[in-house]
>>> print(open('query_10.pdb').read())   # PDB, C-alpha atoms
ATOM      1  CA  MET A   1      70.789  50.074 112.362  1.00  0.00           C
ATOM      2  CA  SER A   2      68.388  48.042 110.249  1.00  0.00           C
ATOM      3  CA  ALA A   3      66.912  44.828 111.584  1.00  0.00           C
ATOM      4  CA  ASP A   4      65.590  43.792 108.171  1.00  0.00           C
ATOM      5  CA  PRO A   5      67.780  41.173 106.471  1.00  0.00           C
ATOM      6  CA  THR A   6      66.233  42.032 103.109  1.00  0.00           C
ATOM      7  CA  VAL A   7      67.677  45.555 103.306  1.00  0.00           C
ATOM      8  CA  VAL A   8      71.120  44.222 104.213  1.00  0.00           C
ATOM      9  CA  PHE A   9      71.042  41.626 101.397  1.00  0.00           C
ATOM     10  CA  LYS A  10      69.879  44.230  98.891  1.00  0.00           C
ATOM     11  CA  THR A  11      72.517  46.725  99.998  1.00  0.00           C
ATOM     12  CA  LEU A  12      75.359  44.206  99.784  1.00  0.00           C
ATOM     13  CA  GLY A  13      73.917  42.907  96.514  1.00  0.00           C
ATOM     14  CA  ASP A  14      75.151  46.081  94.860  1.00  0.00           C
ATOM     15  CA  PRO A  15      78.742  45.332  93.768  1.00  0.00           C
ATOM     16  CA  THR A  16      80.010  48.845  94.516  1.00  0.00           C
ATOM     17  CA  GLN A  17      78.440  48.954  97.966  1.00  0.00           C
ATOM     18  CA  CYS A  18      79.754  45.494  98.734  1.00  0.00           C
ATOM     19  CA  ALA A  19      83.262  46.547  97.634  1.00  0.00           C
ATOM     20  CA  ILE A  20      83.100  49.671  99.799  1.00  0.00           C
ATOM     21  CA  PHE A  21      81.944  47.630 102.804  1.00  0.00           C
ATOM     22  CA  GLU A  22      84.742  45.089 102.240  1.00  0.00           C
ATOM     23  CA  ARG A  23      87.332  47.851 101.946  1.00  0.00           C
ATOM     24  CA  LEU A  24      86.161  49.544 105.133  1.00  0.00           C
ATOM     25  CA  SER A  25      86.147  46.180 106.904  1.00  0.00           C
ATOM     26  CA  ARG A  26      89.695  45.510 105.784  1.00  0.00           C
ATOM     27  CA  ASP A  27      91.266  48.985 106.010  1.00  0.00           C
ATOM     28  CA  GLY A  28      89.375  50.608 108.878  1.00  0.00           C
ATOM     29  CA  GLU A  29      88.220  54.216 108.876  1.00  0.00           C
ATOM     30  CA  LEU A  30      88.475  56.047 105.564  1.00  0.00           C
ATOM     31  CA  THR A  31      87.190  59.254 104.039  1.00  0.00           C
ATOM     32  CA  ALA A  32      84.950  59.291 100.994  1.00  0.00           C
ATOM     33  CA  HIS A  33      87.916  60.736  99.088  1.00  0.00           C
ATOM     34  CA  ALA A  34      90.141  57.804 100.087  1.00  0.00           C
ATOM     35  CA  LEU A  35      87.423  55.400  98.931  1.00  0.00           C
ATOM     36  CA  THR A  36      87.001  57.253  95.638  1.00  0.00           C
ATOM     37  CA  ALA A  37      90.579  57.127  94.369  1.00  0.00           C
ATOM     38  CA  PRO A  38      91.018  53.365  93.775  1.00  0.00           C
ATOM     39  CA  SER A  39      87.377  52.635  92.970  1.00  0.00           C
ATOM     40  CA  GLY A  40      87.032  54.492  89.690  1.00  0.00           C
ATOM     41  CA  VAL A  41      83.693  55.851  90.931  1.00  0.00           C
ATOM     42  CA  SER A  42      83.020  59.569  91.397  1.00  0.00           C
ATOM     43  CA  GLN A  43      83.018  61.006  94.911  1.00  0.00           C
ATOM     44  CA  PRO A  44      79.293  61.901  94.759  1.00  0.00           C
ATOM     45  CA  ALA A  45      78.535  58.306  93.758  1.00  0.00           C
ATOM     46  CA  VAL A  46      80.693  56.934  96.594  1.00  0.00           C
ATOM     47  CA  THR A  47      78.921  59.267  99.025  1.00  0.00           C
ATOM     48  CA  LYS A  48      75.549  58.002  97.780  1.00  0.00           C
ATOM     49  CA  HIS A  49      76.679  54.372  98.255  1.00  0.00           C
ATOM     50  CA  LEU A  50      77.941  55.220 101.745  1.00  0.00           C
ATOM     51  CA  SER A  51      74.500  56.671 102.571  1.00  0.00           C
ATOM     52  CA  ALA A  52      72.849  53.419 101.497  1.00  0.00           C
ATOM     53  CA  LEU A  53      75.308  51.444 103.630  1.00  0.00           C
ATOM     54  CA  LYS A  54      74.568  53.728 106.604  1.00  0.00           C
ATOM     55  CA  LEU A  55      70.806  53.267 106.185  1.00  0.00           C
ATOM     56  CA  ALA A  56      71.309  49.493 106.204  1.00  0.00           C
ATOM     57  CA  GLY A  57      73.328  49.763 109.425  1.00  0.00           C
ATOM     58  CA  LEU A  58      76.517  48.531 107.767  1.00  0.00           C
ATOM     59  CA  VAL A  59      78.557  51.732 108.038  1.00  0.00           C
ATOM     60  CA  ARG A  60      78.966  54.448 110.664  1.00  0.00           C
ATOM     61  CA  ASP A  61      80.475  57.855 110.233  1.00  0.00           C
ATOM     62  CA  ARG A  62      82.030  60.479 112.443  1.00  0.00           C
ATOM     63  CA  ARG A  63      83.270  63.970 111.864  1.00  0.00           C
ATOM     64  CA  HIS A  64      86.974  64.622 112.356  1.00  0.00           C
ATOM     65  CA  ARG A  65      87.897  68.239 111.783  1.00  0.00           C
ATOM     66  CA  ARG A  66      86.678  69.038 108.285  1.00  0.00           C
ATOM     67  CA  GLU A  67      86.305  65.444 107.092  1.00  0.00           C
ATOM     68  CA  THR A  68      83.875  62.628 107.633  1.00  0.00           C
ATOM     69  CA  LEU A  69      85.412  59.254 108.428  1.00  0.00           C
ATOM     70  CA  TYR A  70      83.503  56.096 107.574  1.00  0.00           C
ATOM     71  CA  ARG A  71      83.961  52.688 109.138  1.00  0.00           C
ATOM     72  CA  ALA A  72      82.347  49.295 108.720  1.00  0.00           C
ATOM     73  CA  GLU A  73      79.828  48.294 111.350  1.00  0.00           C
ATOM     74  CA  PRO A  74      80.160  44.488 111.671  1.00  0.00           C
ATOM     75  CA  THR A  75      77.069  44.259 113.888  1.00  0.00           C
ATOM     76  CA  GLY A  76      75.110  45.426 110.844  1.00  0.00           C
ATOM     77  CA  LEU A  77      75.544  41.892 109.508  1.00  0.00           C
ATOM     78  CA  ALA A  78      73.618  40.430 112.465  1.00  0.00           C
ATOM     79  CA  PRO A  79      70.265  40.305 110.613  1.00  0.00           C
ATOM     80  CA  LEU A  80      71.896  38.057 108.031  1.00  0.00           C
ATOM     81  CA  ILE A  81      72.781  35.496 110.669  1.00  0.00           C
ATOM     82  CA  GLY A  82      69.133  35.129 111.659  1.00  0.00           C
ATOM     83  CA  GLY A  83      68.069  35.058 108.032  1.00  0.00           C
ATOM     84  CA  MET A  84      70.687  32.487 107.111  1.00  0.00           C
ATOM     85  CA  SER A  85      69.802  30.242 110.058  1.00  0.00           C
ATOM     86  CA  VAL A  86      66.389  29.688 108.457  1.00  0.00           C
ATOM     87  CA  PHE A  87      68.136  28.418 105.327  1.00  0.00           C
ATOM     88  CA  ALA A  88      70.601  26.392 107.393  1.00  0.00           C
ATOM     89  CA  ASN A  89      67.745  24.642 109.209  1.00  0.00           C
ATOM     90  CA  PHE A  90      65.942  24.050 105.921  1.00  0.00           C
ATOM     91  CA  TRP A  91      68.978  22.477 104.245  1.00  0.00           C
ATOM     92  CA  HIS A  92      70.008  20.545 107.352  1.00  0.00           C
ATOM     93  CA  ASP A  93      66.564  18.918 107.398  1.00  0.00           C
ATOM     94  CA  ARG A  94      66.700  18.208 103.653  1.00  0.00           C
ATOM     95  CA  PHE A  95      70.162  16.653 103.839  1.00  0.00           C
ATOM     96  CA  ASN A  96      69.126  14.478 106.779  1.00  0.00           C
ATOM     97  CA  ARG A  97      66.117  13.255 104.803  1.00  0.00           C
ATOM     98  CA  LEU A  98      68.325  12.606 101.765  1.00  0.00           C
ATOM     99  CA  GLU A  99      70.803  10.675 103.898  1.00  0.00           C
ATOM    100  CA  ASP A 100      67.993   8.522 105.317  1.00  0.00           C
ATOM    101  CA  PHE A 101      66.660   7.911 101.819  1.00  0.00           C
ATOM    102  CA  LEU A 102      70.086   6.903 100.528  1.00  0.00           C
ATOM    103  CA  LYS A 103      70.593   4.519 103.442  1.00  0.00           C
ATOM    104  CA  ARG A 104      67.216   2.896 102.783  1.00  0.00           C
ATOM    105  CA  THR A 105      67.963   2.699  99.069  1.00  0.00           C
ATOM    106  CA  LYS A 106      71.376   1.194  99.708  1.00  0.00           C
ATOM    107  CA  ARG A 107      69.884  -1.418 102.022  1.00  0.00           C
ATOM    108  CA  SER A 108      67.113  -2.300  99.603  1.00  0.00           C
ATOM    109  CA  GLY A 109      69.605  -2.209  96.720  1.00  0.00           C
ATOM    110  CA  ALA A 110      71.883  -4.619  98.573  1.00  0.00           C
ATOM    111  CA  LEU A 111      68.946  -6.950  99.164  1.00  0.00           C
ATOM    112  CA  SER A 112      67.941  -6.692  95.511  1.00  0.00           C
ATOM    113  CA  ARG A 113      71.489  -7.519  94.391  1.00  0.00           C
ATOM    114  CA  LYS A 114      71.601 -10.438  96.824  1.00  0.00           C
ATOM    115  CA  HIS A 115      68.352 -11.818  95.417  1.00  0.00           C
ATOM    116  CA  ARG A 116      69.443 -11.085  91.860  1.00  0.00           C
ATOM    117  CA  ASP A 117      72.831 -12.774  92.389  1.00  0.00           C
ATOM    118  CA  ARG A 118      71.139 -15.706  94.072  1.00  0.00           C
ATOM    119  CA  GLY A 119      68.753 -15.986  91.152  1.00  0.00           C
ATOM    120  CA  MET A 120      71.680 -16.026  88.726  1.00  0.00           C
ATOM    121  CA  ALA A 121      73.348 -18.785  90.731  1.00  0.00           C
ATOM    122  CA  ASP A 122      70.120 -20.805  90.643  1.00  0.00           C
ATOM    123  CA  GLU A 123      69.916 -20.339  86.869  1.00  0.00           C
ATOM    124  CA  GLU A 124      73.537 -21.424  86.443  1.00  0.00           C
ATOM    125  CA  ARG A 125      72.746 -24.662  88.254  1.00  0.00           C
ATOM    126  CA  LEU A 126      70.002 -25.456  85.762  1.00  0.00           C
TER     127      LEU A 126
END
>>> encode(input="query_10.pdb", output="structure tokens")
Amino acid sequence: MSADPTVVFKTLGDPTQCAIFERLSRDGELTAHALTAPSGVSQPAVTKHLSALKLAGLVRDRRHRRETLYRAEPTGLAPLIGGMSVFANFWHDRFNRLEDFLKRTKRSGALSRKHRDRGMADEERL
């Protein structure tokens, strides 16, 4: 299993590999032949995509009689969680800073309006 989130992102960035991973996640164990039929992709191409998914730690296989069964390996997504937490922390910090800025702006804007409205009232009295 790969511990490199870049490999997992790159592997799932391929639309065919992502579709195969989703199908295995949804339908359970399948042969390369079963994956080939609805995909419109040749069996050698599906086998090549399955190899890439295996190298990324996203798919496991096992022999059953004369066939190889493939299944999704959900733990292969673990490197993404660590990688995404970096982005989550980054955006959480940015949104907190934006919220603070907006609160300060709102307060100063309210004061500005108060002074502006007061100034208008003073002018009306003249």
>>> residues_near_point(input="query_10.pdb", point="(76.8, 46.9, 114.5)", cutoff="8 Å", atoms="all atoms listed in the file", output="list in words")
Met1, Gly57, Leu58, Glu73, Pro74, Thr75, Gly76, Leu77 and Ala78 of chain A
>>> atom_distance(input="query_10.pdb", atom1="atom CA of Leu30 of chain A", atom2="atom CA of Leu80 of chain A")
24.6 Å
>>> resolve_selection(input="query_10.pdb", expression="the PyMOL selection byres ((chain A and resi 82-96) around 12)", output="count of residues only")
20
>>> resolve_selection(input="query_10.pdb", expression="the PyMOL selection byres ((chain A and resi 33) around 12)", output="ChimeraX atom specification")
/A:29-32,34-47,50,67-70
>>> atom_distance(input="query_10.pdb", atom1="atom CA of Pro15 of chain A", atom2="atom CA of His64 of chain A")
28.0 Å
>>> atom_distance(input="query_10.pdb", atom1="atom CA of Gln17 of chain A", atom2="atom CA of Leu53 of chain A")
6.9 Å
>>> resolve_selection(input="query_10.pdb", expression="the PyMOL selection byres ((chain A and resi 71) around 6)", output="MDAnalysis selection string")
chainID A and resid 24 28:29 59:60 70 72
>>> write_last_selection(input="query_10.pdb", atoms="C-alpha atoms", output="PDB file, in the coordinates of the input")
ATOM      1  CA  LEU A  24      86.161  49.544 105.133  1.00  0.00           C
ATOM      2  CA  GLY A  28      89.375  50.608 108.878  1.00  0.00           C
ATOM      3  CA  GLU A  29      88.220  54.216 108.876  1.00  0.00           C
ATOM      4  CA  VAL A  59      78.557  51.732 108.038  1.00  0.00           C
ATOM      5  CA  ARG A  60      78.966  54.448 110.664  1.00  0.00           C
ATOM      6  CA  TYR A  70      83.503  56.096 107.574  1.00  0.00           C
ATOM      7  CA  ALA A  72      82.347  49.295 108.720  1.00  0.00           C
TER       8      ALA A  72
END
